[in-house]
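Single-structure report; data block below.
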Amino acid sequence: QVQLVESGGGLVQAGGSLRLSCAASGRTFSLYVAGWFRQAPGQEREFVAAINRRSSNTYYADSVKGRFTISRDNAKNTVHLQMNSLKPEDTAVYFCAAGEFYDYSFYRARNKYNYWGQGTQVTVSS
(Lines give C-alpha, C1' and ligand atoms only; values in the text may rest on other atoms or scores of the structure.)
Protein backbone atom coordinates (compact mmCIF):
# COMPACT_ATOMS: atom_id res chain seq x y z
CA GLN A 1 0.00 0.00 0.00
CA VAL A 2 0.92 3.63 -0.37
CA GLN A 3 -0.31 6.64 1.59
CA LEU A 4 -0.63 10.02 -0.12
CA VAL A 5 -0.74 13.49 1.43
CA GLU A 6 -1.32 16.62 -0.64
CA SER A 7 -0.21 20.14 0.20
CA GLY A 8 0.14 23.52 -1.43
CA GLY A 9 -3.45 24.51 -2.01
CA GLY A 10 -4.78 27.95 -1.19
CA LEU A 11 -6.45 31.11 -2.43
CA VAL A 12 -5.01 32.84 -5.48
CA GLN A 13 -6.17 35.51 -7.90
CA ALA A 14 -6.96 34.69 -11.49
CA GLY A 15 -3.78 34.60 -13.55
CA GLY A 16 -1.71 33.50 -10.57
CA SER A 17 0.15 30.29 -9.87
CA LEU A 18 0.20 27.52 -7.30
CA ARG A 19 2.35 24.42 -6.90
CA LEU A 20 0.71 21.37 -5.40
CA SER A 21 2.77 18.61 -3.87
CA CYS A 22 1.91 15.04 -2.97
CA ALA A 23 4.11 13.08 -0.58
CA ALA A 24 3.93 9.30 -0.75
CA SER A 25 4.85 6.83 1.95
CA GLY A 26 4.66 3.08 2.27
CA ARG A 27 5.41 1.02 -0.79
CA THR A 28 7.95 2.26 -3.33
CA PHE A 29 6.31 5.14 -5.18
CA SER A 30 8.04 4.38 -8.46
CA LEU A 31 5.84 1.28 -8.77
CA TYR A 32 2.81 3.48 -9.46
CA VAL A 33 1.40 5.75 -12.10
CA ALA A 34 0.72 9.12 -10.44
CA GLY A 35 -2.24 11.32 -11.22
CA TRP A 36 -4.04 14.47 -10.18
CA PHE A 37 -7.81 14.77 -10.19
CA ARG A 38 -10.09 17.58 -9.03
CA GLN A 39 -13.62 17.92 -7.81
CA ALA A 40 -15.64 21.10 -7.74
CA PRO A 41 -18.81 21.44 -5.61
CA GLY A 42 -21.66 19.49 -7.14
CA GLN A 43 -19.41 18.05 -9.84
CA GLU A 44 -17.88 14.66 -10.44
CA ARG A 45 -14.20 14.13 -9.79
CA GLU A 46 -12.36 14.75 -13.04
CA PHE A 47 -8.96 13.92 -14.44
CA VAL A 48 -6.37 16.70 -14.51
CA ALA A 49 -2.97 15.17 -15.23
CA ALA A 50 -0.98 11.94 -14.98
CA ILE A 51 2.63 10.86 -15.27
CA ASN A 52 4.05 7.42 -15.88
CA ARG A 53 6.49 5.63 -13.63
CA ARG A 54 9.69 6.92 -15.23
CA SER A 55 8.43 10.42 -16.06
CA SER A 56 8.83 9.73 -19.76
CA ASN A 57 5.18 10.43 -20.54
CA THR A 58 2.70 12.94 -19.21
CA TYR A 59 -1.00 13.33 -19.92
CA TYR A 60 -3.29 16.31 -19.43
CA ALA A 61 -6.93 17.21 -19.60
CA ASP A 62 -7.60 19.58 -22.47
CA SER A 63 -8.80 22.22 -20.00
CA VAL A 64 -5.36 22.49 -18.35
CA LYS A 65 -3.01 21.69 -21.23
CA GLY A 66 -0.38 24.39 -21.61
CA ARG A 67 -1.06 25.81 -18.13
CA PHE A 68 -0.38 22.89 -15.76
CA THR A 69 2.71 20.70 -15.52
CA ILE A 70 2.95 17.42 -13.67
CA SER A 71 6.29 16.09 -12.46
CA ARG A 72 7.58 13.50 -10.04
CA ASP A 73 10.70 12.74 -8.05
CA ASN A 74 10.82 9.03 -7.26
CA ALA A 75 13.89 9.46 -5.07
CA LYS A 76 11.85 11.80 -2.83
CA ASN A 77 8.54 9.94 -3.29
CA THR A 78 6.80 13.09 -4.44
CA VAL A 79 4.66 14.26 -7.32
CA HIS A 80 3.95 17.89 -8.11
CA LEU A 81 1.43 19.88 -10.09
CA GLN A 82 2.58 23.31 -11.19
CA MET A 83 -0.47 25.37 -12.03
CA ASN A 84 -0.02 28.63 -13.95
CA SER A 85 -2.48 31.11 -15.44
CA LEU A 86 -5.13 29.93 -13.03
CA LYS A 87 -8.77 30.61 -13.81
CA PRO A 88 -11.81 30.73 -11.52
CA GLU A 89 -13.02 27.50 -13.13
CA ASP A 90 -9.94 25.75 -11.74
CA THR A 91 -11.43 26.13 -8.26
CA ALA A 92 -11.82 22.65 -6.77
CA VAL A 93 -10.43 20.18 -4.29
CA TYR A 94 -7.38 18.58 -5.88
CA PHE A 95 -6.57 14.95 -5.21
CA CYS A 96 -3.38 13.02 -5.73
CA ALA A 97 -3.76 9.39 -6.81
CA ALA A 98 -1.57 6.35 -7.44
CA GLY A 99 -2.39 3.54 -9.81
CA GLU A 100 -0.98 0.07 -10.28
CA PHE A 101 -2.13 -0.27 -13.89
CA TYR A 102 0.17 -0.63 -16.88
CA ASP A 103 -2.30 0.12 -19.65
CA TYR A 104 -1.95 3.83 -20.26
CA SER A 105 -5.37 4.03 -21.83
CA PHE A 106 -6.55 3.96 -18.20
CA TYR A 107 -4.79 7.13 -17.09
CA ARG A 108 -7.97 9.26 -17.18
CA ALA A 109 -10.13 6.70 -15.37
CA ARG A 110 -10.45 7.48 -11.68
CA ASN A 111 -11.67 3.95 -10.93
CA LYS A 112 -8.32 2.58 -12.11
CA TYR A 113 -6.38 4.41 -9.39
CA ASN A 114 -5.89 2.39 -6.25
CA TYR A 115 -4.84 5.00 -3.67
CA TRP A 116 -5.96 8.56 -2.99
CA GLY A 117 -4.95 11.45 -0.82
CA GLN A 118 -7.37 13.50 1.25
CA GLY A 119 -7.32 16.46 -1.13
CA THR A 120 -6.25 20.08 -0.96
CA GLN A 121 -8.48 23.07 -1.71
CA VAL A 122 -7.59 25.43 -4.54
CA THR A 123 -9.66 28.60 -4.83
CA VAL A 124 -9.14 31.05 -7.69
CA SER A 125 -10.79 34.43 -7.31
CA SER A 126 -11.80 36.57 -10.27
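Lettering and numbering for the C-alpha coordinates are positional, with chains as A, B, ... in the shown order, residues counted from 1 in each chain, and ligands counted from 1 in the shown order.
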
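Look at Lys65 of chain A: the protein and nucleic acid residues within 12 Å of it, using only C-alpha atoms and passing over chain neighbours fewer than 2 places away, are Phe47, Val48, Ala49, Ala50, Thr58, Tyr59, Tyr60, Ala61, Asp62, Ser63, Arg67, Phe68, Thr69, Ile70, Gln82, Met83, Asn84, Ser85 and Leu86 of chain A.
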
Could you name the residues that touch Pro41 of chain A at 10 Å or less, counting only C-alpha atoms, but leaving out those on the same chain fewer than 4 positions away, as a PyMOL selection string? chain A and resi 45+91-93

Each residue of segment 15-69 of chain A lying at most 7 Å from segment 73-80 of chain A should get a row with its shortest atom-to-atom pair and the distance in Å to one decimal, counting only C-alpha atoms; could you produce that, ordered by chain and increasing number, as CSV?
```
residue,atom,partner,partner_atom,distance
A:Arg19,CA,A:His80,CA,6.8
A:Leu20,CA,A:His80,CA,5.5
A:Ser21,CA,A:His80,CA,4.5
A:Cys22,CA,A:Val79,CA,5.2
A:Ala23,CA,A:Thr78,CA,4.7
A:Ala24,CA,A:Asn77,CA,5.3
A:Phe29,CA,A:Asn77,CA,5.6
A:Ser30,CA,A:Asn74,CA,5.5
```

Can those selected residues be exported to a file as a PDB file, in the first residue's frame so that it contains N, CA and C atoms?
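Final output, saved to result23.pdb:
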```pdb
ATOM      1  N   ARG A  19       1.657  25.704  -6.701  1.00  0.00           N
ATOM      2  CA  ARG A  19       2.350  24.424  -6.902  1.00  0.00           C
ATOM      3  C   ARG A  19       1.859  23.452  -5.847  1.00  0.00           C
ATOM      4  N   LEU A  20       1.187  22.417  -6.300  1.00  0.00           N
ATOM      5  CA  LEU A  20       0.711  21.372  -5.398  1.00  0.00           C
ATOM      6  C   LEU A  20       1.777  20.286  -5.277  1.00  0.00           C
ATOM      7  N   SER A  21       1.857  19.718  -4.108  1.00  0.00           N
ATOM      8  CA  SER A  21       2.768  18.610  -3.865  1.00  0.00           C
ATOM      9  C   SER A  21       2.007  17.439  -3.267  1.00  0.00           C
ATOM     10  N   CYS A  22       2.487  16.258  -3.537  1.00  0.00           N
ATOM     11  CA  CYS A  22       1.913  15.042  -2.972  1.00  0.00           C
ATOM     12  C   CYS A  22       3.067  14.187  -2.474  1.00  0.00           C
ATOM     13  N   ALA A  23       3.062  13.903  -1.188  1.00  0.00           N
ATOM     14  CA  ALA A  23       4.106  13.076  -0.578  1.00  0.00           C
ATOM     15  C   ALA A  23       3.569  11.673  -0.378  1.00  0.00           C
ATOM     16  N   ALA A  24       4.330  10.705  -0.850  1.00  0.00           N
ATOM     17  CA  ALA A  24       3.928   9.301  -0.750  1.00  0.00           C
ATOM     18  C   ALA A  24       4.770   8.584   0.289  1.00  0.00           C
ATOM     19  N   PHE A  29       7.185   4.304  -4.352  1.00  0.00           N
ATOM     20  CA  PHE A  29       6.311   5.136  -5.177  1.00  0.00           C
ATOM     21  C   PHE A  29       6.534   4.926  -6.659  1.00  0.00           C
ATOM     22  N   SER A  30       7.743   4.571  -7.042  1.00  0.00           N
ATOM     23  CA  SER A  30       8.038   4.383  -8.458  1.00  0.00           C
ATOM     24  C   SER A  30       7.296   3.194  -9.075  1.00  0.00           C
TER      25      SER A  30
END
```

Could you check which of A:Lys87, A:Val2, A:Thr120, A:Gly42 is closest to Gly99 of chain A, using only C-alpha atoms?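 So, comparing all the options, the nearest one is A:Val2.
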
Taking only segment 17-112 of chain A into account, list the residues labelled helix (DSSP H, G or I) by DSSP (computed from the backbone), as an mmCIF file with N, CA, C and O atoms, in the first residue's frame.
```
data_model
loop_
_atom_site.group_PDB
_atom_site.id
_atom_site.type_symbol
_atom_site.label_atom_id
_atom_site.label_comp_id
_atom_site.auth_asym_id
_atom_site.auth_seq_id
_atom_site.Cartn_x
_atom_site.Cartn_y
_atom_site.Cartn_z
ATOM 1 N N PHE A 29 7.185 4.304 -4.352
ATOM 2 C CA PHE A 29 6.311 5.136 -5.177
ATOM 3 C C PHE A 29 6.534 4.926 -6.659
ATOM 4 O O PHE A 29 5.607 5.083 -7.463
ATOM 5 N N SER A 30 7.743 4.571 -7.042
ATOM 6 C CA SER A 30 8.038 4.383 -8.458
ATOM 7 C C SER A 30 7.296 3.194 -9.075
ATOM 8 O O SER A 30 7.315 3.025 -10.291
ATOM 9 N N LEU A 31 6.630 2.400 -8.260
ATOM 10 C CA LEU A 31 5.838 1.279 -8.767
ATOM 11 C C LEU A 31 4.495 1.734 -9.330
ATOM 12 O O LEU A 31 3.777 0.929 -9.930
ATOM 13 N N PRO A 88 -10.805 31.062 -12.543
ATOM 14 C CA PRO A 88 -11.809 30.732 -11.517
ATOM 15 C C PRO A 88 -12.387 29.323 -11.684
ATOM 16 O O PRO A 88 -12.701 28.664 -10.682
ATOM 17 N N GLU A 89 -12.483 28.845 -12.908
ATOM 18 C CA GLU A 89 -13.025 27.499 -13.127
ATOM 19 C C GLU A 89 -12.073 26.396 -12.700
ATOM 20 O O GLU A 89 -12.435 25.209 -12.734
ATOM 21 N N ASP A 90 -10.861 26.740 -12.311
ATOM 22 C CA ASP A 90 -9.942 25.753 -11.744
ATOM 23 C C ASP A 90 -10.209 25.512 -10.250
ATOM 24 O O ASP A 90 -9.596 24.631 -9.646
ATOM 25 N N TYR A 104 -1.848 2.383 -20.370
ATOM 26 C CA TYR A 104 -1.950 3.833 -20.259
ATOM 27 C C TYR A 104 -3.199 4.407 -20.882
ATOM 28 O O TYR A 104 -3.437 5.611 -20.802
ATOM 29 N N SER A 105 -4.038 3.562 -21.452
ATOM 30 C CA SER A 105 -5.366 4.032 -21.832
ATOM 31 C C SER A 105 -6.232 4.258 -20.606
ATOM 32 O O SER A 105 -7.309 4.865 -20.706
ATOM 33 N N PHE A 106 -5.795 3.810 -19.439
ATOM 34 C CA PHE A 106 -6.553 3.964 -18.200
ATOM 35 C C PHE A 106 -6.243 5.258 -17.458
ATOM 36 O O PHE A 106 -6.846 5.532 -16.437
ATOM 37 N N ARG A 110 -10.688 7.405 -13.125
ATOM 38 C CA ARG A 110 -10.450 7.484 -11.682
ATOM 39 C C ARG A 110 -10.627 6.130 -11.008
ATOM 40 O O ARG A 110 -9.997 5.858 -9.979
ATOM 41 N N ASN A 111 -11.456 5.253 -11.560
ATOM 42 C CA ASN A 111 -11.668 3.951 -10.927
ATOM 43 C C ASN A 111 -10.489 2.997 -11.136
ATOM 44 O O ASN A 111 -10.474 1.896 -10.588
ATOM 45 N N LYS A 112 -9.503 3.401 -11.923
ATOM 46 C CA LYS A 112 -8.317 2.581 -12.106
ATOM 47 C C LYS A 112 -7.200 2.925 -11.124
ATOM 48 O O LYS A 112 -6.196 2.233 -11.065
#
```

List the spatial neighbours of Cys96 of chain A as a PyMOL selection string - criterion: any atom at most 7 Å away, only C-alpha atoms, same-chain residues fewer than 3 positions off excluded. chain A and resi 4+6+22+35-37+116-117+119

Hey, what does DSSP flag as strand (DSSP E) within segment 27-74 of chain A? Can you give it to me as an MDAnalysis selection string? chainID A and resid 33:39 46:51 58:60 68:73

Length of the atom CA of Arg38 of chain A to atom CA of Phe95 of chain A vector [Å]: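 If I compute the distance from atom CA of Arg38 of chain A to atom CA of Phe95 of chain A, I get 5.8 Å.
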
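Using only C-alpha atoms, the nearest neighbour of Arg53 of chain A within the list A:Glu100, A:Gly8, A:Gly15, A:Gln118 is A:Glu100.
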
Just to confirm, what's the straight-line distance from atom CA of Gln121 of chain A to atom CA of Val64 of chain A in Å (one decimal)?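 Answer for the atom CA of Gln121 of chain A to atom CA of Val64 of chain A separation: 16.9 Å.
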